[in-house]
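Participant: Hey, dropping input-v7.cif in here, mmCIF, C-alpha atoms and all ligand atoms:
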data_coords
#
loop_
_atom_site.label_atom_id
_atom_site.label_comp_id
_atom_site.auth_asym_id
_atom_site.auth_seq_id
_atom_site.Cartn_x
_atom_site.Cartn_y
_atom_site.Cartn_z
CA MET A 291 40.27 132.91 156.92
CA GLN A 292 43.55 132.32 158.76
CA GLN A 293 45.75 135.41 158.97
CA PRO A 294 49.34 134.68 157.85
CA ILE A 295 52.73 135.65 159.26
CA ALA A 296 54.58 137.73 156.65
CA ILE A 297 58.31 137.07 156.39
CA LEU A 298 60.70 139.06 154.22
CA ASP A 299 64.33 139.06 153.22
CA SER A 300 66.57 140.27 150.39
CA GLY A 301 66.51 136.73 148.99
CA VAL A 302 66.70 133.16 150.26
CA GLY A 303 68.24 134.03 153.65
CA GLY A 304 64.93 134.45 155.44
CA LEU A 305 64.14 130.82 154.61
CA THR A 306 66.40 129.91 157.54
CA VAL A 307 63.90 131.71 159.78
CA ALA A 308 60.87 130.38 157.86
CA LYS A 309 62.07 126.81 158.38
CA GLU A 310 62.28 127.28 162.13
CA VAL A 311 58.82 128.91 162.20
CA MET A 312 57.45 125.89 160.31
CA ARG A 313 59.09 123.56 162.83
CA GLN A 314 58.03 125.42 165.99
CA LEU A 315 54.66 126.66 164.75
CA PRO A 316 53.47 124.14 162.16
CA ARG A 317 49.92 125.51 162.08
CA GLU A 318 50.92 129.04 161.12
CA LYS A 319 50.45 130.09 157.54
CA MET A 320 53.36 132.05 156.04
CA ILE A 321 53.65 134.55 153.23
CA TYR A 322 57.32 134.84 152.27
CA PHE A 323 58.90 137.52 150.11
CA GLY A 324 62.51 137.27 148.82
CA ASP A 325 63.74 140.36 146.99
CA THR A 326 66.00 138.33 144.69
CA ALA A 327 65.96 141.03 141.99
CA ARG A 328 67.72 143.48 144.30
CA THR A 329 69.85 141.25 146.49
CA PRO A 330 72.34 141.84 148.08
CA TYR A 331 71.22 144.55 150.47
CA GLY A 332 74.52 144.54 152.39
CA PRO A 333 76.44 147.07 150.26
CA ARG A 334 73.45 149.44 149.91
CA SER A 335 72.88 152.62 151.91
CA PRO A 336 70.54 152.45 154.93
CA ASP A 337 68.13 154.83 153.12
CA GLU A 338 67.86 152.50 150.16
CA VAL A 339 67.31 149.48 152.41
CA VAL A 340 64.53 151.38 154.22
CA LYS A 341 62.92 152.20 150.87
CA PHE A 342 63.04 148.57 149.69
CA THR A 343 61.73 147.25 153.00
CA ARG A 344 58.82 149.72 152.92
CA GLU A 345 57.95 148.61 149.37
CA ILE A 346 57.89 144.95 150.35
CA VAL A 347 55.83 145.61 153.47
CA ASP A 348 53.37 147.67 151.39
CA TYR A 349 53.06 144.67 149.08
CA LEU A 350 52.65 142.11 151.87
CA ILE A 351 50.07 144.15 153.76
CA GLN A 352 47.42 143.17 151.15
CA PHE A 353 47.47 139.67 152.69
CA ARG A 354 46.40 141.11 156.07
CA PRO A 355 49.27 139.53 158.04
CA LYS A 356 48.95 139.29 161.82
CA MET A 357 52.68 139.91 162.16
CA ILE A 358 55.64 140.98 160.02
CA VAL A 359 59.03 139.33 160.43
CA ILE A 360 62.02 141.17 158.98
CA ALA A 361 64.13 138.05 158.50
CA CYS A 362 67.08 140.08 157.27
CA ASN A 363 69.67 141.57 159.59
CA THR A 364 70.58 144.37 157.17
CA ALA A 365 66.93 145.44 156.90
CA THR A 366 66.41 144.98 160.64
CA ALA A 367 69.35 147.30 161.37
CA ALA A 368 68.18 149.94 158.89
CA ALA A 369 64.38 149.74 158.91
CA LEU A 370 62.92 148.00 161.98
CA ASP A 371 61.89 151.21 163.79
CA ASP A 372 60.61 152.77 160.57
CA ILE A 373 58.40 149.79 159.73
CA ARG A 374 57.13 149.57 163.31
CA SER A 375 55.99 153.18 163.07
CA ARG A 376 54.12 152.50 159.81
CA VAL A 377 52.05 149.40 160.53
CA SER A 378 49.65 148.40 163.27
CA VAL A 379 50.70 144.74 163.59
CA PRO A 380 53.73 143.53 165.59
CA VAL A 381 57.03 143.69 163.68
CA VAL A 382 59.82 141.32 164.69
CA GLY A 383 63.47 141.70 163.64
CA VAL A 384 66.32 139.21 163.92
CA ILE A 385 69.06 141.15 165.72
CA ASN A 386 67.78 141.16 169.32
CA PRO A 387 66.88 137.44 169.20
CA GLY A 388 70.39 136.61 167.88
CA ALA A 389 72.06 138.73 170.55
CA ARG A 390 69.97 137.09 173.30
CA ALA A 391 70.88 133.62 172.12
CA ALA A 392 74.60 134.53 172.02
CA ILE A 393 74.65 136.00 175.54
CA GLY A 394 72.89 132.87 176.78
CA CYS A 395 75.62 130.76 175.22
CA THR A 396 78.98 132.48 175.81
CA VAL A 397 81.17 131.45 178.73
CA THR A 398 84.37 133.32 177.77
CA GLY A 399 82.43 136.59 177.30
CA CYS A 400 83.97 137.07 173.85
CA VAL A 401 81.38 136.98 171.07
CA GLY A 402 82.06 137.23 167.33
CA VAL A 403 79.58 138.73 164.88
CA ILE A 404 79.74 138.21 161.14
CA GLY A 405 77.30 139.97 158.84
CA THR A 406 76.90 142.17 155.79
CA GLU A 407 78.70 145.52 155.50
CA GLY A 408 75.42 147.30 156.30
CA THR A 409 74.77 145.29 159.46
CA ILE A 410 78.35 145.54 160.75
CA LYS A 411 78.62 149.28 159.98
CA SER A 412 75.35 149.93 161.83
CA GLY A 413 76.82 148.61 165.10
CA ALA A 414 73.37 147.16 165.90
CA TYR A 415 74.69 143.84 167.23
CA GLU A 416 77.29 145.49 169.43
CA GLN A 417 74.60 147.72 170.90
CA ALA A 418 72.16 144.83 171.44
CA LEU A 419 74.87 142.64 173.02
CA ARG A 420 76.09 145.43 175.34
CA GLU A 421 72.55 146.17 176.48
CA LEU A 422 72.26 142.56 177.57
CA SER A 423 75.76 142.23 178.99
CA PRO A 424 77.79 145.47 179.35
CA TYR A 425 81.23 143.83 179.58
CA VAL A 426 80.95 141.45 176.65
CA GLN A 427 83.86 141.64 174.20
CA VAL A 428 82.53 141.89 170.64
CA VAL A 429 84.60 141.15 167.54
CA SER A 430 82.80 142.06 164.30
CA GLU A 431 83.62 141.24 160.70
CA ALA A 432 81.79 142.03 157.46
CA CYS A 433 81.71 139.17 154.94
CA PRO A 434 80.45 140.69 151.66
CA LYS A 435 81.35 137.61 149.62
CA PHE A 436 79.00 135.20 151.41
CA VAL A 437 75.52 136.30 150.22
CA PRO A 438 76.30 136.04 146.46
CA LEU A 439 77.56 132.47 147.04
CA VAL A 440 74.36 131.52 148.85
CA GLU A 441 72.07 133.11 146.25
CA LYS A 442 73.83 130.97 143.62
CA GLY A 443 73.19 127.84 145.69
CA ASN A 444 76.94 127.39 146.13
CA PHE A 445 76.94 126.05 149.72
CA HIS A 446 79.52 123.27 149.91
CA SER A 447 82.16 123.79 147.20
CA LYS A 448 85.93 124.23 147.63
CA GLU A 449 85.50 127.84 146.46
CA THR A 450 83.04 128.42 149.30
CA TYR A 451 85.39 126.93 151.88
CA ARG A 452 88.28 129.06 150.58
CA THR A 453 86.16 132.23 150.68
CA VAL A 454 85.03 131.49 154.24
CA LEU A 455 88.62 130.78 155.35
CA GLU A 456 89.92 134.02 153.78
CA SER A 457 87.07 136.06 155.27
CA ILE A 458 86.98 134.81 158.86
CA GLY A 459 90.04 132.59 159.44
CA HIS A 460 91.74 135.42 161.36
CA LEU A 461 88.92 135.44 163.94
CA ARG A 462 90.40 132.26 165.43
CA GLN A 463 93.03 134.37 167.20
CA PHE A 464 90.34 135.76 169.55
CA PRO A 465 89.13 133.88 172.66
CA MET A 466 85.56 133.70 171.33
CA ASP A 467 83.42 130.69 172.09
CA THR A 468 80.34 132.03 170.30
CA LEU A 469 79.95 133.37 166.77
CA ILE A 470 76.71 135.04 165.67
CA LEU A 471 75.75 134.35 162.07
CA GLY A 472 74.49 137.92 161.78
CA CYS A 473 73.03 137.46 158.32
CA THR A 474 70.17 135.07 157.69
CA HIS A 475 71.96 133.75 154.59
CA TYR A 476 74.91 132.42 156.58
CA PRO A 477 73.31 129.27 158.09
CA PHE A 478 73.47 127.88 154.53
CA LEU A 479 77.29 128.00 154.93
CA THR A 480 77.37 126.40 158.38
CA GLU A 481 79.51 123.49 157.24
CA SER A 482 82.41 125.68 156.02
CA ILE A 483 82.06 128.23 158.82
CA SER A 484 82.21 125.59 161.53
CA GLU A 485 85.11 123.83 159.82
CA VAL A 486 87.07 127.10 159.75
CA MET A 487 86.19 128.17 163.32
CA GLY A 488 86.62 124.75 164.93
CA GLU A 489 84.34 122.79 167.22
CA CYS A 490 84.94 124.97 170.31
CA VAL A 491 83.05 127.89 168.74
CA ASN A 492 79.24 127.72 168.91
CA LEU A 493 77.51 129.13 165.87
CA ILE A 494 74.38 131.13 166.63
CA SER A 495 71.68 131.61 164.04
CA SER A 496 68.85 134.00 164.95
CA ALA A 497 66.27 131.58 163.58
CA ASP A 498 65.45 129.55 166.75
CA GLU A 499 65.20 132.53 169.04
CA THR A 500 63.24 134.59 166.48
CA ALA A 501 60.68 131.78 166.09
CA ARG A 502 60.38 131.63 169.89
CA GLU A 503 59.78 135.38 170.02
CA ILE A 504 57.10 135.06 167.32
CA SER A 505 55.44 132.32 169.32
CA THR A 506 55.49 134.35 172.56
CA ILE A 507 53.97 137.43 170.90
CA LEU A 508 51.22 135.41 169.20
CA GLN A 509 50.46 133.63 172.46
CA ASP A 510 50.25 136.92 174.39
CA LYS A 511 47.95 138.38 171.78
CA ARG A 512 45.90 135.16 171.60
CA LYS A 513 46.62 135.03 167.88
CA LEU A 514 48.09 131.55 167.57
CA ALA A 515 46.56 129.60 164.67
CA GLN A 516 44.00 127.00 165.66
CA GLY A 517 42.74 123.95 163.85
CA ALA A 518 44.14 120.66 162.69
CA ARG A 519 44.71 121.40 159.01
CA LEU A 520 48.22 122.17 157.78
CA PRO A 521 48.43 125.64 156.24
CA VAL A 522 49.30 126.41 152.63
CA HIS A 523 52.31 128.73 152.50
CA GLN A 524 52.91 131.27 149.76
CA PHE A 525 56.31 132.30 148.46
CA PHE A 526 57.08 135.29 146.30
CA CYS A 527 60.32 136.55 144.85
CA SER A 528 61.10 139.59 142.77
CA GLY A 529 63.78 138.02 140.53
CA ASN A 530 64.85 134.60 139.24
CA SER A 531 62.27 132.25 140.69
CA ALA A 532 63.94 129.05 139.36
CA MET A 533 66.99 129.36 141.61
CA PHE A 534 64.83 130.55 144.52
CA LYS A 535 62.58 127.51 144.14
CA THR A 536 65.50 125.07 143.96
CA ILE A 537 67.11 126.47 147.09
CA ALA A 538 63.82 126.69 149.00
CA LYS A 539 62.87 123.11 148.17
CA GLN A 540 66.31 121.87 149.17
CA TRP A 541 66.36 123.84 152.42
CA LEU A 542 62.79 123.43 153.57
CA GLY A 543 62.30 119.90 152.33
CA GLU A 544 65.09 118.21 154.22
CA GLN A 545 63.84 117.90 157.76
CA ILE A 546 60.28 119.04 157.89
CA VAL A 547 57.06 117.76 156.46
CA LEU A 548 56.07 120.33 153.91
CA SER A 549 52.52 121.46 153.63
CA PRO A 550 51.50 122.46 150.12
CA ILE A 551 53.28 125.53 148.83
CA VAL A 552 51.87 127.94 146.31
CA TRP A 553 54.65 129.27 144.13
CA GLN A 554 53.98 132.67 142.67
CA GLU A 555 55.25 134.19 139.47
CA PRO A 556 57.95 136.81 140.05
CA VAL A 557 56.59 140.10 141.30
CA ILE A 558 58.58 143.25 140.70
CA VAL A 559 58.03 145.70 143.50
N1 LIG B 1 69.86 137.99 154.61
C1 LIG B 1 70.25 139.31 154.78
C2 LIG B 1 70.79 139.64 156.15
O1 LIG B 1 70.44 138.99 157.05
C3 LIG B 1 70.61 140.14 153.65
C4 LIG B 1 71.88 139.95 153.01
C5 LIG B 1 72.08 140.82 151.81
O2 LIG B 1 71.18 140.93 150.99
O3 LIG B 1 73.17 141.40 151.68
O4 LIG B 1 71.51 140.55 156.37
#
In structure tokens, how does this file's structure come out?
Facilitator:
Amino acid sequence: MQQPIAILDSGVGGLTVAKEVMRQLPREKMIYFGDTARTPYGPRSPDEVVKFTREIVDYLIQFRPKMIVIACNTATAAALDDIRSRVSVPVVGVINPGARAAIGCTVTGCVGVIGTEGTIKSGAYEQALRELSPYVQVVSEACPKFVPLVEKGNFHSKETYRTVLESIGHLRQFPMDTLILGCTHYPFLTESISEVMGECVNLISSADETAREISTILQDKRKLAQGARLPVHQFFCSGNSAMFKTIAKQWLGEQIVLSPIVWQEPVIV
């Protein structure tokens, strides 16, 4: 039986990574877990985020994944090292891939980072960016109002645009040419974010680079899926599965050919 890649997030945000994995690695089977009952993770303490991430990983391990992807910046910042020390398979986070993509893109050397309170407070992006490029100027901003909008499926409304403008409009005063969407939920708001920031600012989502990292690791370990048949993906969420399903279908169905998806009843972890 084909071993899956397990992907987790506090909700629908990790679907931005899942979509890119489906595009770059169409043969890989995925098991996705969105903790919609306990989203958002952003305002929670690092200890609580570690506890939740451990619980989800303990649940996902029953599927014998060949890799675990923490497709949540808040959980990556709080729990990546902890989870790596607890499991024997490779564990990939989204912060280093996002930082790499941003350093590869900036010309002015001024990079913006927007994320949840937890991610911004952790300083994880600043550290990752400085390790790659010591003199980079980093401007960080927490945007606690974004995740609840995304979880409600409210991507394109006037309210969303106004919230984005109020939260990050002031970042335009900085000479940044690159803005990291340091929360996997934020690519859902790309339209408003790019309208507010203007066309001279490149928006970086960790998804592309994370999928590339997954591919490299699987290749090195000779664990890439073989065979011609498209995999059947499985999606789980801990809360309201109706909204999760609607958003997932909308997001995943647009550009890619979907292989059959098994929708699971909500699981409370
Ligand atoms: N998608 C998540 C992240 O990347 C979590 C957001 C949240 O639950 O607050 O940070």
Participant: Could the residues that lie within 9 Å of ligand LIG 1 (chain B), counting all atoms listed in the file, be listed as a PyMOL selection string?
Facilitator: chain A and resi 299-304+325-326+328-334+360-367+384+405-409+434+436-438+471-476
Participant: Go through range 301-358 of chain A and flag each residue having an atom no more than 10 Å from range 517-526 of chain A; for those, report the closest pair of atoms plus their distance in Å to one decimal, using all atoms listed in the file, ordered by chain and rising number, as a Markdown table.
Facilitator:
| residue | atom | partner | partner_atom | distance |
| --- | --- | --- | --- | --- |
| A:Gly301 | CA | A:Phe526 | CA | 9.9 |
| A:Met312 | CA | A:His523 | CA | 9.8 |
| A:Pro316 | CA | A:Leu520 | CA | 7.1 |
| A:Arg317 | CA | A:Leu520 | CA | 5.7 |
| A:Glu318 | CA | A:Pro521 | CA | 6.4 |
| A:Lys319 | CA | A:Pro521 | CA | 5.1 |
| A:Met320 | CA | A:His523 | CA | 5.0 |
| A:Ile321 | CA | A:Gln524 | CA | 4.8 |
| A:Tyr322 | CA | A:Phe525 | CA | 4.7 |
| A:Phe323 | CA | A:Phe526 | CA | 4.8 |
| A:Gly324 | CA | A:Phe526 | CA | 6.3 |
| A:Asp325 | CA | A:Phe526 | CA | 8.4 |
| A:Thr326 | CA | A:Phe526 | CA | 9.6 |
| A:Leu350 | CA | A:Phe526 | CA | 9.9 |
Participant: Using Å and a single decimal, report how far CA of Gly543 in chain A sits from CA of Ser531 in chain A.
Facilitator: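 Between CA of Ser531 in chain A and CA of Gly543 in chain A the gap is 17.0 Å.
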Participant: Neighbouring residues of Ser505 in chain A were defined as those with any atom within 10 Å, considering only C-alpha atoms; residues of the same chain fewer than 6 positions away were excluded. Please report them as a PyMOL selection string.
Facilitator: chain A and resi 311+314-315+318+499+511+513-514
Participant: Can you list, as a CSV table (one decimal) with C-alpha atoms, in the frame of the given file, every protein, DNA or RNA residue that comes within 8 Å of Leu479 in chain A when you count only C-alpha atoms, leaving out same-chain residues fewer than 3 positions away?
Facilitator:
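Okay, around-v4.csv is ready:
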chain,number,residue,atom,x,y,z
A,440,VAL,CA,74.4,131.5,148.8
A,445,PHE,CA,76.9,126.0,149.7
A,446,HIS,CA,79.5,123.3,149.9
A,475,HIS,CA,72.0,133.8,154.6
A,476,TYR,CA,74.9,132.4,156.6
A,482,SER,CA,82.4,125.7,156.0
A,483,ILE,CA,82.1,128.2,158.8
Participant: The residues within 12 Å of (82.1, 139.6, 167.7), using all atoms listed in the file and the coordinates of the file, should be reported as a PyMOL selection string; which are they?
Facilitator: chain A and resi 389+392-393+396+399-405+410+413-420+426-432+458+461-462+464-472+491+493-494
